[in-house]
file input24.cif (mmCIF, C-alpha atoms and all ligand atoms)
data_start
loop_
_atom_site.label_atom_id
_atom_site.label_comp_id
_atom_site.auth_asym_id
_atom_site.auth_seq_id
_atom_site.Cartn_x
_atom_site.Cartn_y
_atom_site.Cartn_z
CA MET A 402 -1.58 14.03 17.59
CA SER A 403 -1.02 16.03 14.40
CA ILE A 404 -2.97 19.24 14.07
CA LEU A 405 -1.60 20.27 10.67
CA THR A 406 -0.65 17.96 7.82
CA LEU A 407 0.77 18.87 4.43
CA GLN A 408 0.89 16.19 1.75
CA ASN A 409 2.92 16.73 -1.38
CA VAL A 410 2.19 20.45 -1.67
CA ASN A 411 3.40 22.21 -4.82
CA LYS A 412 3.26 25.89 -5.71
CA LYS A 413 4.49 27.83 -8.73
CA TYR A 414 3.65 31.52 -9.00
CA ASN A 415 4.24 31.52 -12.70
CA GLN A 416 4.51 28.50 -15.02
CA ALA A 417 7.77 29.85 -16.46
CA MET A 418 9.31 30.06 -13.00
CA GLU A 419 10.84 27.49 -10.69
CA PHE A 420 8.66 25.93 -8.02
CA ALA A 421 8.33 28.16 -4.94
CA ILE A 422 7.29 25.03 -3.00
CA LYS A 423 7.99 21.53 -4.30
CA GLY A 424 6.62 18.25 -2.96
CA VAL A 425 6.49 19.44 0.63
CA SER A 426 5.00 17.04 3.21
CA PHE A 427 5.14 17.28 6.98
CA ASP A 428 3.06 17.18 10.16
CA VAL A 429 2.87 19.60 13.04
CA LYS A 430 1.85 18.15 16.39
CA GLU A 431 -0.64 19.78 18.72
CA GLY A 432 1.05 22.34 20.99
CA GLU A 433 4.30 22.20 19.08
CA ILE A 434 6.41 25.20 18.06
CA LEU A 435 7.89 24.59 14.63
CA ALA A 436 10.53 26.89 13.16
CA LEU A 437 10.65 27.16 9.40
CA VAL A 438 14.13 28.12 8.25
CA GLY A 439 15.90 28.64 4.94
CA GLU A 440 17.69 31.35 3.05
CA SER A 441 15.86 34.22 1.40
CA GLY A 442 13.66 32.97 -1.44
CA SER A 443 13.54 29.38 -0.18
CA GLY A 444 9.73 29.44 0.08
CA LYS A 445 9.13 30.11 3.79
CA THR A 446 6.60 32.91 3.38
CA THR A 447 4.88 31.05 0.55
CA LEU A 448 4.43 28.01 2.79
CA LEU A 449 2.84 30.13 5.56
CA ARG A 450 0.56 31.84 3.03
CA LEU A 451 -0.55 28.44 1.67
CA ILE A 452 -1.45 27.29 5.19
CA ALA A 453 -3.23 30.58 5.95
CA GLY A 454 -5.18 30.47 2.69
CA LEU A 455 -3.63 33.62 1.24
CA GLU A 456 -2.28 31.51 -1.65
CA HIS A 457 -3.59 28.33 -3.26
CA PRO A 458 -1.21 25.47 -4.18
CA ASP A 459 -1.08 23.91 -7.66
CA SER A 460 -1.52 20.52 -6.03
CA GLY A 461 -1.39 18.80 -2.69
CA ILE A 462 -3.48 18.40 0.43
CA ILE A 463 -3.45 20.50 3.59
CA SER A 464 -5.41 19.36 6.65
CA LEU A 465 -6.02 21.29 9.82
CA SER A 466 -7.57 19.60 12.89
CA GLY A 467 -8.58 16.64 10.77
CA GLN A 468 -10.38 18.78 8.16
CA LYS A 469 -9.02 19.07 4.63
CA ILE A 470 -8.65 22.80 4.09
CA VAL A 471 -7.01 22.36 0.69
CA GLU A 472 -7.50 19.48 -1.74
CA GLY A 473 -7.04 19.93 -5.46
CA LYS A 474 -8.97 22.99 -6.58
CA LYS A 475 -11.14 22.97 -3.43
CA SER A 476 -10.24 25.03 -0.43
CA VAL A 477 -11.66 26.54 2.74
CA PRO A 478 -11.39 30.36 2.50
CA ALA A 479 -8.77 32.06 4.66
CA HIS A 480 -11.25 33.69 7.08
CA GLU A 481 -12.86 30.32 7.85
CA ARG A 482 -9.62 28.47 8.60
CA GLN A 483 -9.10 29.74 12.15
CA VAL A 484 -5.46 30.48 11.49
CA GLY A 485 -3.78 33.35 13.36
CA MET A 486 -1.09 35.27 11.53
CA VAL A 487 1.59 37.70 12.71
CA PHE A 488 3.21 39.47 9.78
CA GLN A 489 6.84 40.56 9.61
CA ASP A 490 5.96 44.28 9.80
CA TYR A 491 3.20 43.51 12.41
CA ALA A 492 0.55 45.07 10.08
CA LEU A 493 -1.25 46.83 12.94
CA PHE A 494 -3.97 49.34 12.02
CA PRO A 495 -2.31 52.70 12.67
CA HIS A 496 -5.57 54.59 13.19
CA LEU A 497 -6.88 52.14 15.81
CA THR A 498 -5.81 51.97 19.47
CA ILE A 499 -4.08 48.81 20.60
CA LEU A 500 -7.32 47.64 22.24
CA GLU A 501 -9.25 48.27 19.01
CA ASN A 502 -6.56 46.45 17.05
CA VAL A 503 -7.12 43.33 19.15
CA LYS A 504 -10.93 43.67 19.13
CA PHE A 505 -10.90 43.80 15.34
CA GLY A 506 -12.13 40.52 13.91
CA LEU A 507 -13.36 39.14 17.27
CA LYS A 508 -16.91 37.83 17.33
CA GLY A 509 -19.29 37.91 20.28
CA SER A 510 -21.06 40.41 22.51
CA LYS A 511 -19.49 43.80 23.13
CA GLU A 512 -18.59 42.83 26.69
CA GLU A 513 -17.06 39.51 25.66
CA VAL A 514 -14.99 41.09 22.91
CA ASP A 515 -13.78 43.79 25.29
CA SER A 516 -12.81 41.42 28.09
CA THR A 517 -11.15 38.87 25.76
CA SER A 518 -9.09 41.65 24.18
CA ARG A 519 -7.98 43.06 27.53
CA GLU A 520 -7.11 39.62 28.89
CA THR A 521 -5.10 38.75 25.80
CA LEU A 522 -3.17 42.03 25.95
CA LYS A 523 -2.32 41.27 29.58
CA LEU A 524 -1.36 37.73 28.66
CA VAL A 525 1.21 38.98 26.16
CA GLY A 526 2.67 41.19 28.87
CA LEU A 527 1.14 44.59 28.06
CA LYS A 528 0.05 46.33 31.21
CA GLU A 529 -0.11 49.92 30.17
CA ASP A 530 -2.73 52.10 28.65
CA PHE A 531 -4.62 50.13 26.00
CA SER A 532 -5.86 53.39 24.43
CA LYS A 533 -2.43 54.15 22.99
CA TYR A 534 -1.86 53.98 19.26
CA PRO A 535 0.71 51.64 17.66
CA HIS A 536 3.17 54.44 16.82
CA GLN A 537 3.36 55.30 20.54
CA LEU A 538 4.79 51.85 21.32
CA SER A 539 8.26 50.35 20.92
CA GLY A 540 8.87 47.68 18.29
CA GLY A 541 8.77 44.94 20.92
CA GLN A 542 5.44 46.20 22.29
CA GLN A 543 3.92 46.49 18.82
CA GLN A 544 4.86 42.93 18.22
CA ARG A 545 3.04 41.87 21.39
CA VAL A 546 -0.08 43.67 20.15
CA ALA A 547 0.21 41.83 16.84
CA LEU A 548 0.59 38.57 18.76
CA ALA A 549 -2.43 39.41 20.96
CA ARG A 550 -4.54 40.21 17.89
CA ALA A 551 -3.56 36.89 16.30
CA ILE A 552 -4.26 34.71 19.36
CA ALA A 553 -7.35 36.50 20.75
CA PRO A 554 -9.78 34.62 18.41
CA ASN A 555 -8.30 31.34 19.74
CA PRO A 556 -6.94 30.08 16.40
CA LYS A 557 -6.13 26.43 15.74
CA ILE A 558 -2.64 27.41 14.70
CA LEU A 559 -0.52 30.55 14.91
CA LEU A 560 1.72 31.51 12.01
CA MET A 561 4.46 34.12 12.45
CA ASP A 562 6.61 35.44 9.62
CA GLU A 563 10.07 36.56 10.78
CA PRO A 564 8.74 37.69 14.19
CA PHE A 565 12.14 38.66 15.55
CA SER A 566 13.76 40.25 12.51
CA ASN A 567 12.81 43.84 13.33
CA LEU A 568 14.10 43.73 16.90
CA ASP A 569 17.60 44.75 17.84
CA ALA A 570 19.98 42.10 19.14
CA MET A 571 19.59 42.80 22.86
CA LEU A 572 15.83 42.97 22.82
CA LYS A 573 15.63 39.94 20.58
CA ASP A 574 17.03 37.43 23.08
CA GLN A 575 14.51 38.56 25.68
CA VAL A 576 11.50 38.78 23.36
CA ARG A 577 12.26 35.39 21.84
CA GLU A 578 12.15 33.73 25.24
CA GLU A 579 9.02 35.62 26.33
CA ILE A 580 7.15 34.80 23.16
CA ARG A 581 8.06 31.16 23.57
CA GLN A 582 6.68 31.24 27.12
CA ILE A 583 3.44 32.96 26.06
CA ILE A 584 2.89 30.43 23.29
CA LYS A 585 3.61 27.51 25.61
CA LYS A 586 1.31 28.96 28.30
CA THR A 587 -1.62 29.17 25.88
CA GLY A 588 -0.81 25.71 24.49
CA ILE A 589 -1.27 27.05 20.99
CA THR A 590 0.44 25.32 18.06
CA ALA A 591 2.75 27.69 16.23
CA ILE A 592 4.91 27.89 13.15
CA PHE A 593 7.39 30.73 12.92
CA VAL A 594 9.59 31.64 10.02
CA THR A 595 13.14 32.80 10.59
CA HIS A 596 16.39 33.00 8.69
CA ASP A 597 18.29 33.16 11.98
CA THR A 598 19.55 29.76 13.11
CA LYS A 599 19.93 30.95 16.71
CA ASP A 600 16.22 31.84 16.87
CA ALA A 601 15.31 28.44 15.51
CA LEU A 602 17.67 26.34 17.62
CA SER A 603 16.75 28.01 20.90
CA THR A 604 13.02 28.59 20.45
CA ALA A 605 11.56 25.73 18.41
CA ASP A 606 10.55 22.23 19.44
CA ARG A 607 11.33 21.13 15.89
CA ILE A 608 12.84 22.81 12.87
CA ALA A 609 11.95 22.38 9.20
CA ILE A 610 14.54 23.56 6.70
CA LEU A 611 13.65 24.59 3.16
CA HIS A 612 16.00 25.02 0.23
CA LYS A 613 14.73 26.16 -3.18
CA GLY A 614 11.21 25.10 -2.22
CA TYR A 615 12.23 21.58 -1.15
CA LEU A 616 11.97 20.40 2.45
CA GLN A 617 15.46 19.19 3.39
CA GLN A 618 14.96 17.90 6.92
CA ILE A 619 12.51 18.27 9.79
CA ASP A 620 13.56 17.25 13.28
CA ILE A 621 14.44 18.46 16.77
CA PRO A 622 17.13 21.17 16.86
CA LYS A 623 19.81 18.87 18.21
CA VAL A 624 19.39 16.34 15.41
CA LEU A 625 19.51 19.01 12.70
CA TYR A 626 22.67 20.42 14.20
CA GLU A 627 24.42 17.17 15.03
CA ASN A 628 23.10 14.86 12.31
CA PRO A 629 22.31 16.91 9.23
CA VAL A 630 21.05 14.81 6.31
CA ASN A 631 23.08 16.68 3.72
CA PRO A 632 25.82 19.33 3.41
CA TYR A 633 23.28 22.08 2.80
CA VAL A 634 21.62 21.50 6.18
CA ALA A 635 24.99 21.08 7.89
CA ASN A 636 26.35 24.37 6.60
CA PHE A 637 23.13 26.27 7.23
CA PHE A 638 23.61 25.79 10.97
CA GLY A 639 27.13 27.13 11.04
CA LYS A 640 30.57 26.29 9.86
CA ARG A 641 31.57 22.68 9.40
CA ASN A 642 35.20 21.80 8.80
CA GLU A 643 36.31 19.30 6.19
CA MET A 644 39.60 17.49 6.63
CA MET A 645 40.89 15.06 4.00
CA ALA A 646 42.11 11.77 5.49
CA ILE A 647 43.42 8.33 4.52
CA PRO A 648 42.11 5.46 6.64
CA THR A 649 44.44 2.70 7.88
CA GLU A 650 44.00 -0.22 10.31
CA GLU A 651 44.81 2.03 13.29
CA GLY A 652 43.34 5.38 12.35
CA PHE A 653 43.32 8.26 9.92
CA HIS A 654 46.33 9.92 8.32
CA THR A 655 45.70 13.61 7.81
CA SER A 656 47.91 16.49 6.80
CA PHE A 657 47.55 17.80 10.39
CA GLY A 658 48.76 14.52 11.91
CA PHE A 659 47.49 11.04 12.78
CA ILE A 660 44.18 10.34 14.52
CA THR A 661 44.01 7.00 16.30
CA ASP A 662 40.61 5.44 15.60
CA PRO A 663 39.91 1.70 15.25
CA GLU A 664 36.78 2.57 13.23
CA ALA A 665 39.01 3.81 10.41
CA LYS A 666 39.54 0.31 9.06
CA LYS A 667 35.91 0.23 7.92
CA PHE A 668 36.73 2.80 5.24
CA LYS A 669 38.67 2.51 2.00
CA GLY A 670 40.30 5.13 -0.20
CA LYS A 671 40.17 8.81 0.65
CA VAL A 672 37.67 10.10 3.19
CA LYS A 673 36.57 13.46 4.53
CA LEU A 674 36.37 14.07 8.28
CA LEU A 675 33.57 16.53 8.97
CA PHE A 676 33.38 18.41 12.27
CA ARG A 677 32.16 21.67 13.73
CA PRO A 678 34.58 24.12 15.41
CA GLU A 679 33.31 23.10 18.87
CA HIS A 680 34.04 19.45 18.17
CA GLY A 681 37.75 20.16 18.46
CA GLU A 682 39.85 21.29 21.39
CA VAL A 683 43.11 23.21 21.33
CA VAL A 684 45.55 21.68 23.85
CA GLN A 685 48.84 22.79 25.37
CA ARG A 686 50.82 19.59 25.39
CA ASP A 687 52.34 17.92 22.40
CA GLY A 688 51.78 14.26 21.76
CA GLN A 689 49.32 12.18 19.78
CA GLN A 690 47.43 15.26 18.68
CA LEU A 691 47.17 17.12 15.46
CA THR A 692 49.07 20.33 14.89
CA GLY A 693 48.57 23.30 12.64
CA LYS A 694 50.00 26.73 11.99
CA ILE A 695 47.92 29.50 13.55
CA VAL A 696 46.64 31.68 10.71
CA LYS A 697 44.02 33.75 12.48
CA ILE A 698 42.43 34.19 15.88
CA SER A 699 39.00 35.81 16.08
CA TYR A 700 37.73 36.89 19.49
CA PHE A 701 33.96 36.81 20.15
CA GLY A 702 33.76 37.51 23.89
CA SER A 703 32.19 34.18 24.79
CA HIS A 704 34.75 32.20 22.76
CA GLN A 705 37.59 32.47 20.24
CA MET A 706 37.88 30.90 16.82
CA VAL A 707 41.34 29.70 15.89
CA LYS A 708 42.08 29.09 12.23
CA LEU A 709 44.83 26.52 11.68
CA ALA A 710 46.56 25.53 8.44
CA ASP A 711 48.52 22.45 7.40
CA ASP A 712 51.61 22.62 5.16
CA GLU A 713 49.47 22.37 2.03
CA GLY A 714 47.26 25.30 2.99
CA GLN A 715 44.21 23.26 4.05
CA ARG A 716 42.48 25.12 6.88
CA VAL A 717 40.29 24.20 9.83
CA THR A 718 38.67 26.34 12.51
CA ILE A 719 38.59 25.24 16.15
CA ARG A 720 36.57 26.92 18.87
CA THR A 721 38.36 27.61 22.11
CA ASN A 722 37.67 29.32 25.43
CA PRO A 723 38.02 33.11 25.46
CA GLY A 724 40.77 33.17 28.08
CA ARG A 725 43.33 31.14 26.18
CA SER A 726 46.38 33.12 25.09
CA PHE A 727 48.28 32.38 21.89
CA ASP A 728 50.95 35.05 22.42
CA GLY A 729 54.30 34.02 20.99
CA ILE A 730 53.01 30.72 19.59
CA ASP A 731 52.81 30.12 15.88
CA ARG A 732 51.65 26.51 15.97
CA ALA A 733 48.92 24.92 18.05
CA CYS A 734 48.08 21.33 18.96
CA PHE A 735 44.50 20.17 18.86
CA TYR A 736 42.41 17.04 18.91
CA LEU A 737 38.95 16.15 17.67
CA TRP A 738 36.49 14.50 20.01
CA LYS A 739 33.76 14.13 17.44
CA TYR A 740 33.67 13.90 13.65
CA ASP A 741 31.70 12.29 10.87
CA VAL A 742 33.46 10.30 8.21
CA GLU A 743 32.31 10.64 4.64
CA GLU A 744 33.78 8.73 1.72
CA ALA A 745 35.35 11.12 -0.77
CA PHE A 746 35.39 10.19 -4.42
P1 LIG B 801 11.17 33.34 1.61
O1 LIG B 801 10.03 33.78 2.46
O2 LIG B 801 11.80 32.08 2.06
O3 LIG B 801 12.19 34.41 1.40
P2 LIG B 801 9.23 33.33 -0.56
O4 LIG B 801 8.20 32.33 -0.17
O5 LIG B 801 8.88 34.76 -0.36
O6 LIG B 801 10.60 32.98 0.14
O7 LIG B 801 9.59 33.14 -2.09
C1 LIG B 801 9.84 31.88 -2.68
C2 LIG B 801 10.01 32.07 -4.19
O8 LIG B 801 8.79 32.49 -4.78
C3 LIG B 801 11.02 33.14 -4.56
O9 LIG B 801 11.69 32.72 -5.72
C4 LIG B 801 10.17 34.35 -4.83
O10 LIG B 801 10.80 35.22 -5.75
C5 LIG B 801 8.91 33.75 -5.41
N1 LIG B 801 7.71 34.56 -5.07
C6 LIG B 801 7.26 34.84 -3.84
N2 LIG B 801 6.12 35.56 -3.87
C7 LIG B 801 5.84 35.73 -5.20
C8 LIG B 801 4.77 36.38 -5.92
N3 LIG B 801 3.78 36.98 -5.25
N4 LIG B 801 4.82 36.36 -7.26
C9 LIG B 801 5.83 35.73 -7.91
N5 LIG B 801 6.84 35.10 -7.31
C10 LIG B 801 6.86 35.08 -5.96
MG MG B 802 9.76 35.60 3.54
#
call {"tool": "encode", "arguments": {"input": "input24.cif", "output": "structure tokens"}}
result
Amino acid sequence: MSILTLQNVNKKYNQAMEFAIKGVSFDVKEGEILALVGESGSGKTTLLRLIAGLEHPDSGIISLSGQKIVEGKKSVPAHERQVGMVFQDYALFPHLTILENVKFGLKGSKEEVDSTSRETLKLVGLKEDFSKYPHQLSGGQQQRVALARAIAPNPKILLMDEPFSNLDAMLKDQVREEIRQIIKKTGITAIFVTHDTKDALSTADRIAILHKGYLQQIDIPKVLYENPVNPYVANFFGKRNEMMAIPTEEGFHTSFGFITDPEAKKFKGKVKLLFRPEHGEVVQRDGQQLTGKIVKISYFGSHQMVKLADDEGQRVTIRTNPGRSFDGIDRACFYLWKYDVEEAF
């Protein structure tokens, strides 16, 4: 069941400018966590603001829980949409305690508002004194307050703009997982914006990728990573190698060596073999494999990246385990266990 639907939504801030959002259509299912990714300026914040009602599109339809909240010039005002929003800088009221921050905007009797606020603060993992002020809390705790304030009114959908960008790397891994668990526990549908592919791949049920206001692809993380619809999507999720090759009946000729592959006969002319660094393996023994001159080894703790060159200077990067030693070796053998073939013109 879809809870949110966008149909051909367009937005220009200024008629002289490019579209901030162009022809965007997608659905979000009930209970789903959708990550919205794209480089800076791709339209992520604009899309959230259109859903929240903080901006109005030039055209298109937006429906929430079966109700059209935007259609042509008509729209339901932001405060009536039941959309929860967590802003990048949290936007907590500095002069209000954390309890008062969560109470703000809640309707009901004094007792109800008080107990809902306290329960929500506990739900997001805050146990301490609710009479503290935002500046007395760490960044991670402030973010929980912002999350509590957004979910306390029981919104139909939760929107979060770059929720992890202000947290340092160590805290981020932990907070990301906790926030995912809190959202899943409440069953709330959520869209979060991020420019970090690791956040998106590990936290979202599905990912939507924007480029210059256009939706490029929306799918589960694995499909975006393994089967990108275009080079833009492929490269957004990390390095992808390109190796020129000539197909024959038995396989592909490349400047790194021959790859036996009966599928090669389906192709004509020059092709490109596309593969990610982890789709290759550096091997000790010589044989059928490809070989390259070692140009650079970068150590990352959990893995190493080995850059290999052919005689013409074409380079590929292969991921390898961190323990492998390349001392005294200037050439390495490798093979590819997965690659896409693209016809090159
Ligand atoms: P992102 O969040 O992905 O970085 P934005 O949605 O903020 O992207 O911006 C998309 C495009 O719209 C950019 O070209 C940006 O400069 C432009 N833009 C965003 N907000 C405004 C605004 N209030 N007025 C004019 N242009 C804007
Ligand atoms: Mg933004």
call {"tool": "residues_near_point", "arguments": {"input": "input24.cif", "point": "(6.1, 13.0, 1.8)", "cutoff": "10 Å", "atoms": "all atoms listed in the file", "output": "list in words"}}
result
Leu407, Gln408, Asn409, Val410, Gly424, Val425, Ser426, Phe427, Asp428 and Leu616 of chain A
call {"tool": "residues_around", "arguments": {"input": "input24.cif", "residues": "Gly658 (chain A)", "least_positions_apart": "4", "cutoff": "9 Å", "atoms": "all atoms listed in the file", "output": "JSON, numbers by chain"}}
result
{"A": [653, 654, 689, 690, 691, 692, 693]}
call {"tool": "write_last_selection", "arguments": {"input": "input24.cif", "atoms": "C-alpha atoms", "output": "PDB file, keeping the file's coordinate frame"}}
result
ATOM      1  CA  PHE A 653      43.320   8.260   9.920  1.00  0.00           C
ATOM      2  CA  HIS A 654      46.330   9.920   8.320  1.00  0.00           C
ATOM      3  CA  GLN A 689      49.320  12.180  19.780  1.00  0.00           C
ATOM      4  CA  GLN A 690      47.430  15.260  18.680  1.00  0.00           C
ATOM      5  CA  LEU A 691      47.170  17.120  15.460  1.00  0.00           C
ATOM      6  CA  THR A 692      49.070  20.330  14.890  1.00  0.00           C
ATOM      7  CA  GLY A 693      48.570  23.300  12.640  1.00  0.00           C
TER       8      GLY A 693
END
call {"tool": "atom_distance", "arguments": {"input": "input24.cif", "atom1": "CA of Leu507 (chain A)", "atom2": "atom O4 of ligand LIG 801 (chain B)"}}
result
28.6 Å
call {"tool": "residues_around", "arguments": {"input": "input24.cif", "residues": "Phe735 (chain A)", "least_positions_apart": "5", "cutoff": "12 Å", "atoms": "all atoms listed in the file", "output": "PDB file with C-alpha atoms, in the coordinates of the input"}}
result
ATOM      1  CA  PHE A 657      47.550  17.800  10.390  1.00  0.00           C
ATOM      2  CA  GLY A 658      48.760  14.520  11.910  1.00  0.00           C
ATOM      3  CA  PHE A 659      47.490  11.040  12.780  1.00  0.00           C
ATOM      4  CA  ILE A 660      44.180  10.340  14.520  1.00  0.00           C
ATOM      5  CA  PRO A 678      34.580  24.120  15.410  1.00  0.00           C
ATOM      6  CA  GLU A 679      33.310  23.100  18.870  1.00  0.00           C
ATOM      7  CA  HIS A 680      34.040  19.450  18.170  1.00  0.00           C
ATOM      8  CA  GLY A 681      37.750  20.160  18.460  1.00  0.00           C
ATOM      9  CA  GLU A 682      39.850  21.290  21.390  1.00  0.00           C
ATOM     10  CA  VAL A 683      43.110  23.210  21.330  1.00  0.00           C
ATOM     11  CA  VAL A 684      45.550  21.680  23.850  1.00  0.00           C
ATOM     12  CA  GLN A 685      48.840  22.790  25.370  1.00  0.00           C
ATOM     13  CA  ARG A 686      50.820  19.590  25.390  1.00  0.00           C
ATOM     14  CA  ASP A 687      52.340  17.920  22.400  1.00  0.00           C
ATOM     15  CA  GLY A 688      51.780  14.260  21.760  1.00  0.00           C
ATOM     16  CA  GLN A 689      49.320  12.180  19.780  1.00  0.00           C
ATOM     17  CA  GLN A 690      47.430  15.260  18.680  1.00  0.00           C
ATOM     18  CA  LEU A 691      47.170  17.120  15.460  1.00  0.00           C
ATOM     19  CA  THR A 692      49.070  20.330  14.890  1.00  0.00           C
ATOM     20  CA  GLY A 693      48.570  23.300  12.640  1.00  0.00           C
ATOM     21  CA  LYS A 694      50.000  26.730  11.990  1.00  0.00           C
ATOM     22  CA  ILE A 695      47.920  29.500  13.550  1.00  0.00           C
ATOM     23  CA  VAL A 707      41.340  29.700  15.890  1.00  0.00           C
ATOM     24  CA  LYS A 708      42.080  29.090  12.230  1.00  0.00           C
ATOM     25  CA  LEU A 709      44.830  26.520  11.680  1.00  0.00           C
ATOM     26  CA  ALA A 710      46.560  25.530   8.440  1.00  0.00           C
ATOM     27  CA  VAL A 717      40.290  24.200   9.830  1.00  0.00           C
ATOM     28  CA  THR A 718      38.670  26.340  12.510  1.00  0.00           C
ATOM     29  CA  ILE A 719      38.590  25.240  16.150  1.00  0.00           C
ATOM     30  CA  ARG A 720      36.570  26.920  18.870  1.00  0.00           C
ATOM     31  CA  THR A 721      38.360  27.610  22.110  1.00  0.00           C
TER      32      THR A 721
END
call {"tool": "residues_near_ligand", "arguments": {"input": "input24.cif", "ligand": "ligand MG 802 (chain B)", "cutoff": "10 Å", "atoms": "all atoms listed in the file", "output": "ChimeraX atom specification"}}
result
/A:438-450,488-489,562-563,594-596
call {"tool": "residues_around", "arguments": {"input": "input24.cif", "residues": "Thr521 (chain A)", "least_positions_apart": "5", "cutoff": "10 Å", "atoms": "all atoms listed in the file", "output": "PDB file with C-alpha atoms, keeping the file's coordinate frame"}}
result
ATOM      1  CA  LEU A 500      -7.320  47.640  22.240  1.00  0.00           C
ATOM      2  CA  VAL A 503      -7.120  43.330  19.150  1.00  0.00           C
ATOM      3  CA  SER A 516     -12.810  41.420  28.090  1.00  0.00           C
ATOM      4  CA  GLY A 526       2.670  41.190  28.870  1.00  0.00           C
ATOM      5  CA  LEU A 527       1.140  44.590  28.060  1.00  0.00           C
ATOM      6  CA  ARG A 545       3.040  41.870  21.390  1.00  0.00           C
ATOM      7  CA  VAL A 546      -0.080  43.670  20.150  1.00  0.00           C
ATOM      8  CA  LEU A 548       0.590  38.570  18.760  1.00  0.00           C
ATOM      9  CA  ALA A 549      -2.430  39.410  20.960  1.00  0.00           C
ATOM     10  CA  ARG A 550      -4.540  40.210  17.890  1.00  0.00           C
ATOM     11  CA  ALA A 551      -3.560  36.890  16.300  1.00  0.00           C
ATOM     12  CA  ILE A 552      -4.260  34.710  19.360  1.00  0.00           C
ATOM     13  CA  ALA A 553      -7.350  36.500  20.750  1.00  0.00           C
ATOM     14  CA  PRO A 554      -9.780  34.620  18.410  1.00  0.00           C
TER      15      PRO A 554
END
call {"tool": "atom_distance", "arguments": {"input": "input24.cif", "atom1": "CA of Leu675 (chain A)", "atom2": "CA of Lys613 (chain A)"}}
result
24.4 Å
call {"tool": "closest_residue", "arguments": {"input": "input24.cif", "among": "A:Thr661, A:Gln705, A:Gln542, A:Ser510", "to": "Phe727 (chain A)", "atoms": "only C-alpha atoms"}}
result
A:Gln705
call {"tool": "closest_residue", "arguments": {"input": "input24.cif", "among": "A:Asp597, A:Thr604, A:Asp459, A:Phe637", "to": "Gln618 (chain A)", "atoms": "all atoms listed in the file"}}
result
A:Phe637
call {"tool": "axis_aligned_box", "arguments": {"input": "input24.cif", "around": "ligand LIG 801 (chain B)", "padding_each_side": "3 Å", "output": "lines of an AutoDock Vina configuration file"}}
result
center_x = 8.0
center_y = 34.4
center_z = -2.7
size_x = 14.4
size_y = 11.1
size_z = 16.4
call {"tool": "closest_residue", "arguments": {"input": "input24.cif", "among": "A:Tyr700, A:Ala745, A:Ala646, A:Ile558", "to": "Gly724 (chain A)", "atoms": "only C-alpha atoms"}}
result
A:Tyr700
call {"tool": "residues_around", "arguments": {"input": "input24.cif", "residues": "Gln617 (chain A)", "least_positions_apart": "3", "cutoff": "10 Å", "atoms": "only C-alpha atoms", "output": "number ranges by chain"}}
result
A: 425, 439, 609-614, 629-631, 633-634
call {"tool": "atom_distance", "arguments": {"input": "input24.cif", "atom1": "CA of Ile589 (chain A)", "atom2": "CA of Asp606 (chain A)"}}
result
12.9 Å
call {"tool": "residues_around", "arguments": {"input": "input24.cif", "residues": "Lys412 (chain A)", "least_positions_apart": "2", "cutoff": "6 Å", "atoms": "only C-alpha atoms", "output": "list in words"}}
result
Phe420, Ala421, Ile422, Pro458 and Asp459 of chain A
call {"tool": "closest_residue", "arguments": {"input": "input24.cif", "among": "A:Ser403, A:Ser464, A:Asn415, A:Gln544", "to": "ligand LIG 801 (chain B)", "atoms": "all atoms listed in the file"}}
result
A:Asn415
call {"tool": "residues_near_point", "arguments": {"input": "input24.cif", "point": "(-6.7, 52.7, 29.5)", "cutoff": "12 Å", "atoms": "only C-alpha atoms", "output": "NGL selection string"}}
result
:A and (498-501 or 519 or 522 or 527-534)
call {"tool": "closest_residue", "arguments": {"input": "input24.cif", "among": "A:Ile434, A:Leu465, A:Ile619, A:Ala601", "to": "Thr406 (chain A)", "atoms": "all atoms listed in the file"}}
result
A:Leu465
call {"tool": "closest_residue", "arguments": {"input": "input24.cif", "among": "A:Leu674, A:Ala492, A:Arg607, A:Ile698", "to": "Val429 (chain A)", "atoms": "only C-alpha atoms"}}
result
A:Arg607
